[in-house]
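Here is the file run_34.tsv (TSV, C-alpha atoms).
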chain	number	residue	atom	x	y	z
M	1	MET	CA	6.92	-11.13	1.26
M	2	ARG	CA	8.38	-11.25	4.80
M	3	ILE	CA	11.66	-12.62	3.47
M	4	ARG	CA	11.87	-9.91	0.82
M	5	LEU	CA	11.14	-7.15	3.33
M	6	ALA	CA	13.70	-8.62	5.71
M	7	LEU	CA	16.33	-8.53	2.96
M	8	LEU	CA	15.45	-4.95	2.11
M	9	SER	CA	15.67	-3.95	5.76
M	10	ALA	CA	19.02	-5.71	6.12
M	11	ALA	CA	20.40	-3.90	3.08
M	12	LEU	CA	19.27	-0.56	4.43
M	13	ALA	CA	20.61	-1.33	7.88
M	14	SER	CA	23.97	-2.21	6.34
M	15	GLY	CA	24.11	1.15	4.60
M	16	VAL	CA	23.12	2.98	7.76
M	17	ALA	CA	25.80	1.15	9.74
M	18	GLY	CA	28.39	2.41	7.28
M	19	VAL	CA	27.17	5.97	7.71
M	20	ALA	CA	27.23	5.61	11.49
M	21	ILE	CA	30.79	4.27	11.52
M	22	ALA	CA	31.97	7.09	9.25
M	23	ALA	CA	30.21	9.65	11.45
M	24	GLU	CA	32.10	8.47	14.53
M	25	SER	CA	35.39	9.62	13.02
M	26	MET	CA	34.09	13.08	12.10
M	27	PRO	CA	34.08	16.24	14.26
M	28	LYS	CA	30.86	16.91	16.14
M	29	ALA	CA	28.40	19.04	14.16
M	30	ASP	CA	27.94	22.67	15.24
M	31	PRO	CA	24.47	24.01	14.38
M	32	ALA	CA	25.50	27.57	15.24
M	33	LYS	CA	27.97	27.54	12.35
M	34	ALA	CA	25.13	26.75	9.93
M	35	GLN	CA	23.14	29.93	10.55
M	36	GLN	CA	24.89	32.01	7.90
M	37	THR	CA	24.45	29.28	5.30
M	38	VAL	CA	20.79	28.94	6.24
M	39	SER	CA	20.12	32.66	5.82
M	40	GLN	CA	22.09	32.97	2.56
M	41	VAL	CA	21.32	29.65	0.87
M	42	CYS	CA	18.47	27.69	2.46
M	43	ALA	CA	15.92	30.19	3.79
M	44	ALA	CA	14.48	31.31	0.45
M	45	CYS	CA	13.06	27.84	-0.25
M	46	HIS	CA	12.90	26.15	3.15
M	47	GLY	CA	12.35	29.08	5.48
M	48	PRO	CA	14.82	30.40	8.10
M	49	THR	CA	13.79	27.71	10.59
M	50	GLY	CA	13.07	24.93	8.11
M	51	GLN	CA	9.35	25.67	7.74
M	52	SER	CA	8.99	25.65	3.97
M	53	PRO	CA	6.42	28.14	2.60
M	54	LEU	CA	6.13	26.25	-0.70
M	55	PRO	CA	4.62	22.76	-1.02
M	56	GLU	CA	7.18	21.64	-3.60
M	57	ASN	CA	9.98	22.21	-1.08
M	58	PRO	CA	10.12	20.01	2.02
M	59	HIS	CA	9.92	21.14	5.61
M	60	LEU	CA	13.32	20.53	7.22
M	61	ALA	CA	12.52	21.57	10.79
M	62	GLY	CA	12.82	18.65	13.17
M	63	GLN	CA	14.20	16.35	10.49
M	64	ILE	CA	16.71	13.77	11.70
M	65	ALA	CA	20.16	15.35	11.35
M	66	GLU	CA	21.86	12.39	9.70
M	67	TYR	CA	19.10	12.15	7.10
M	68	THR	CA	19.36	15.81	6.11
M	69	THR	CA	23.14	15.51	5.90
M	70	LYS	CA	22.91	12.40	3.73
M	71	GLN	CA	20.51	14.05	1.31
M	72	LEU	CA	22.75	17.11	0.98
M	73	MET	CA	25.70	14.85	0.24
M	74	ASN	CA	23.67	12.88	-2.29
M	75	PHE	CA	22.82	16.07	-4.20
M	76	LYS	CA	26.51	16.80	-4.76
M	77	ALA	CA	28.41	15.25	-7.66
M	78	ALA	CA	31.86	13.95	-6.78
M	79	ASP	CA	34.87	12.40	-8.50
M	80	GLY	CA	33.43	13.14	-11.92
M	81	LYS	CA	30.35	11.03	-11.23
M	82	GLN	CA	26.72	12.10	-11.36
M	83	ALA	CA	25.12	12.92	-8.02
M	84	GLU	CA	23.20	10.08	-6.38
M	85	ARG	CA	20.16	12.34	-6.16
M	86	VAL	CA	19.74	14.38	-9.32
M	87	ASN	CA	18.27	17.85	-8.81
M	88	PRO	CA	19.71	20.83	-10.74
M	89	ILE	CA	18.56	23.39	-8.18
M	90	MET	CA	19.92	21.54	-5.16
M	91	ALA	CA	23.10	20.69	-7.04
M	92	GLY	CA	23.78	24.41	-7.29
M	93	MET	CA	22.97	24.97	-3.63
M	94	VAL	CA	25.37	22.31	-2.35
M	95	ALA	CA	28.17	22.94	-4.85
M	96	ASN	CA	30.22	25.00	-2.42
M	97	LEU	CA	29.25	23.20	0.78
M	98	THR	CA	31.83	21.08	2.57
M	99	PRO	CA	30.96	17.85	4.42
M	100	GLU	CA	31.29	19.85	7.65
M	101	ASP	CA	28.81	22.45	6.35
M	102	MET	CA	26.34	19.68	5.57
M	103	ARG	CA	26.67	18.10	9.00
M	104	ASN	CA	26.17	21.50	10.63
M	105	LEU	CA	23.05	22.11	8.53
M	106	GLY	CA	21.66	18.73	9.50
M	107	ALA	CA	22.19	19.55	13.17
M	108	TYR	CA	20.70	23.05	12.78
M	109	PHE	CA	17.45	21.91	11.21
M	110	ALA	CA	17.12	19.00	13.63
M	111	GLU	CA	16.96	21.54	16.47
M	112	GLN	CA	14.12	23.54	14.93
M	113	THR	CA	10.49	23.03	15.93
M	114	PRO	CA	8.79	20.72	13.40
M	115	ASN	CA	5.69	21.69	11.49
M	116	LYS	CA	2.22	20.65	12.64
M	117	GLY	CA	0.24	19.84	9.54
M	118	PHE	CA	-3.20	18.39	8.96
M	119	ALA	CA	-4.88	15.95	6.60
M	120	ARG	CA	-7.07	17.79	4.12
M	121	ASN	CA	-9.09	15.09	2.38
M	122	THR	CA	-11.62	13.37	4.65
M	123	ALA	CA	-12.65	11.09	1.79
M	124	THR	CA	-9.24	9.38	1.66
M	125	VAL	CA	-8.11	9.53	5.28
M	126	GLU	CA	-9.27	5.96	5.99
M	127	LEU	CA	-7.27	4.57	3.06
M	128	GLY	CA	-4.25	6.67	4.01
M	129	GLN	CA	-4.42	5.45	7.59
M	130	GLN	CA	-4.72	1.83	6.45
M	131	ILE	CA	-1.62	2.09	4.29
M	132	TYR	CA	0.42	3.98	6.86
M	133	ARG	CA	-0.47	1.85	9.86
M	134	GLY	CA	-1.13	-1.57	8.36
M	135	GLY	CA	0.02	-1.59	4.74
M	136	ILE	CA	-1.81	-3.60	2.09
M	137	ALA	CA	-0.81	-7.24	2.38
M	138	SER	CA	-2.50	-8.28	-0.86
M	139	GLN	CA	-0.19	-5.93	-2.79
M	140	GLY	CA	2.91	-6.59	-0.73
M	141	ILE	CA	2.88	-3.02	0.60
M	142	PRO	CA	4.30	-2.83	4.15
M	143	ALA	CA	3.07	-0.41	6.80
M	144	CYS	CA	4.88	2.93	6.64
M	145	SER	CA	4.82	3.09	10.43
M	146	GLY	CA	7.13	0.09	10.60
M	147	CYS	CA	10.04	2.30	9.55
M	148	HIS	CA	8.83	5.86	10.12
M	149	GLY	CA	7.13	5.33	13.47
M	150	ALA	CA	3.49	5.44	14.57
M	151	ALA	CA	3.53	9.25	14.72
M	152	GLY	CA	5.82	9.75	11.73
M	153	ALA	CA	8.80	10.89	13.81
M	154	GLY	CA	11.20	8.57	11.99
M	155	MET	CA	14.06	6.62	13.51
M	156	PRO	CA	17.39	8.39	14.06
M	157	ALA	CA	20.08	7.64	11.45
M	158	GLN	CA	17.78	5.22	9.65
M	159	TYR	CA	14.41	6.55	8.50
M	160	PRO	CA	13.36	10.20	8.05
M	161	ARG	CA	10.70	12.14	9.87
M	162	LEU	CA	7.51	12.42	7.79
M	163	ALA	CA	4.96	13.95	10.19
M	164	GLY	CA	3.62	17.33	9.08
M	165	GLN	CA	5.38	17.24	5.73
M	166	HIS	CA	3.75	18.89	2.71
M	167	PRO	CA	1.51	16.21	1.13
M	168	GLU	CA	2.44	17.50	-2.32
M	169	TYR	CA	6.11	16.91	-1.58
M	170	ILE	CA	5.52	13.40	-0.24
M	171	GLU	CA	3.40	12.54	-3.27
M	172	ALA	CA	6.05	13.86	-5.66
M	173	GLN	CA	8.81	11.87	-3.95
M	174	MET	CA	6.78	8.65	-3.93
M	175	LYS	CA	6.18	9.01	-7.65
M	176	ALA	CA	9.87	9.77	-8.18
M	177	TRP	CA	10.76	6.57	-6.31
M	178	ARG	CA	8.26	4.68	-8.45
M	179	SER	CA	9.58	6.01	-11.75
M	180	GLY	CA	13.20	5.64	-10.73
M	181	ALA	CA	13.82	9.38	-11.06
M	182	ARG	CA	14.92	9.24	-7.44
M	183	ALA	CA	17.19	6.32	-6.64
M	184	ASN	CA	19.23	7.08	-3.52
M	185	ASP	CA	17.44	4.59	-1.28
M	186	PRO	CA	19.71	1.84	0.10
M	187	GLY	CA	18.61	-1.57	-1.07
M	188	LYS	CA	16.00	-0.01	-3.38
M	189	MET	CA	13.61	-0.16	-0.44
M	190	MET	CA	11.45	2.85	-1.31
M	191	ARG	CA	11.49	2.06	-5.02
M	192	ALA	CA	10.24	-1.46	-4.33
M	193	ILE	CA	7.38	-0.14	-2.20
M	194	ALA	CA	6.34	2.78	-4.41
M	195	ASP	CA	6.38	0.55	-7.48
M	196	LYS	CA	3.40	-1.35	-6.08
M	197	MET	CA	1.30	1.70	-5.28
M	198	SER	CA	-1.30	3.44	-7.43
M	199	ASP	CA	-1.60	7.22	-7.77
M	200	ALA	CA	-4.69	7.15	-5.54
M	201	GLN	CA	-2.90	5.17	-2.82
M	202	ILE	CA	0.11	7.49	-2.90
M	203	LYS	CA	-2.08	10.58	-2.67
M	204	ALA	CA	-4.12	9.13	0.21
M	205	VAL	CA	-1.14	8.16	2.33
M	206	ALA	CA	0.67	11.44	1.58
M	207	ASP	CA	-2.34	13.40	2.82
M	208	TYR	CA	-2.64	11.22	5.93
M	209	ILE	CA	1.06	11.64	6.73
M	210	SER	CA	0.78	15.42	6.57
M	211	GLY	CA	-1.63	15.28	9.52
M	212	LEU	CA	0.61	13.20	11.78
M	213	ARG	CA	2.11	14.94	14.78
I need this file expressed as structure tokens, please.
Amino acid sequence: MRIRLALLSAALASGVAGVAIAAESMPKADPAKAQQTVSQVCAACHGPTGQSPLPENPHLAGQIAEYTTKQLMNFKAADGKQAERVNPIMAGMVANLTPEDMRNLGAYFAEQTPNKGFARNTATVELGQQIYRGGIASQGIPACSGCHGAAGAGMPAQYPRLAGQHPEYIEAQMKAWRSGARANDPGKMMRAIADKMSDAQIKAVADYISGLR
């Protein structure tokens, strides 16, 4: 299992390195330039400061800038090919955004104060904590904290912030990874992990994550 996880980590790191190298040759992001786009395009679903009022839409406040930018780019089809991350609504939202717009949006939301959520289900918090902090060795499920940090803050340019996220959104994304409906994870890392998890395990860890801060 350690060898497999090491290979997955190496594949993801390789992809991240490519993003980092490309970013070095790009102009510095300007969050101020994103404000008009936020008010006209993003605010209705994600809130003006990235605090989403709806559980099906993720909080963006405090999210790592490079991660937000990557997701926006993945939603956009290019060169006649299907988008890496298929979502009809987001495809429409990013259709007219330039790479500069996406970098500016990533920087804007990264500056906003992140949400402080809370775990709701006391009956599953122990299981959620076990999965997040220690994984389940017998199933080959690694600890979420290994990549997303003990407090769910993520790791810049590599792994996204999870703390305070809507549990419904996390659960939906984990199931999308598991089914293959979402497939924009380098090295199939998230798909490999989610594939081993039951609905109950996904729900428990999603609820636990929402209470991290």
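Among the candidate residues M:Ile202, M:Val38, M:Leu72, M:Ala32, the one lying nearest to Tyr169 in chain M is M:Ile202, with distances computed using only C-alpha atoms.
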In Å, rounded to a single decimal, give me how far CA of Tyr67 in chain M is from CA of Ala143 in chain M. 20.4 Å
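Remark: for Asn74 in chain M, the closest of the candidate residues M:Pro99, M:Gly180, M:Gly140, M:Pro167 is M:Pro99 (distances computed over all atoms listed in the file).
Between CA of Ala151 in chain M and CA of Ala163 in chain M lies a distance of 6.7 Å.
Among M:Leu212, M:Ala200, M:Gln35, M:Glu100, the residue with the shortest atom-to-atom distance to Ala123 in chain M, counting all atoms listed in the file, is M:Ala200.
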re CA of Ile89 in chain M and CA of Ser210 in chain M: distance 24.4 Å
Report as a count of residues only all protein, DNA and RNA residues lying within 9 Å of Ile209 in chain M, evaluated on only C-alpha atoms, omitting residues in the same chain fewer than 3 positions from it. 20
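Proximity ranking of M:Gln82, M:Ser198, M:Asn115, M:Asn57 relative to Arg161 in chain M places M:Asn115 first, based on all atoms listed in the file.
Distance check against Arg120 in chain M using all atoms listed in the file: of M:Arg85, M:Glu168, M:Gln51, M:Met197, the minimum falls on M:Glu168.
Distances to Thr37 in chain M were evaluated for M:Ala91, M:Met102, M:Ala194, M:Leu54 using all atoms listed in the file, and the minimum falls at M:Met102.
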Applying 12 Å and all atoms listed in the file, which residues near Leu105 in chain M remain after dropping the ones on its own chain fewer than 5 positions away? List them as a PyMOL selection string. chain M and resi 29-39+41-43+48-50+60-73+94+97-100+110-112
Could you name the residues that touch Ala176 in chain M at 9 Å or less, counting all atoms listed in the file, but leaving out those on the same chain fewer than 5 positions away, as a short mmCIF file (atom, residue, chain, number, x, y, z; two decimals) with C-alpha atoms, in the coordinates of the input?
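Full text of around25.cif as output:
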data_model
loop_
_atom_site.label_atom_id
_atom_site.label_comp_id
_atom_site.auth_asym_id
_atom_site.auth_seq_id
_atom_site.Cartn_x
_atom_site.Cartn_y
_atom_site.Cartn_z
CA GLU M 171 3.40 12.54 -3.27
CA ALA M 181 13.82 9.38 -11.06
CA ARG M 182 14.92 9.24 -7.44
CA ALA M 183 17.19 6.32 -6.64
CA ARG M 191 11.49 2.06 -5.02
CA ALA M 194 6.34 2.78 -4.41
#
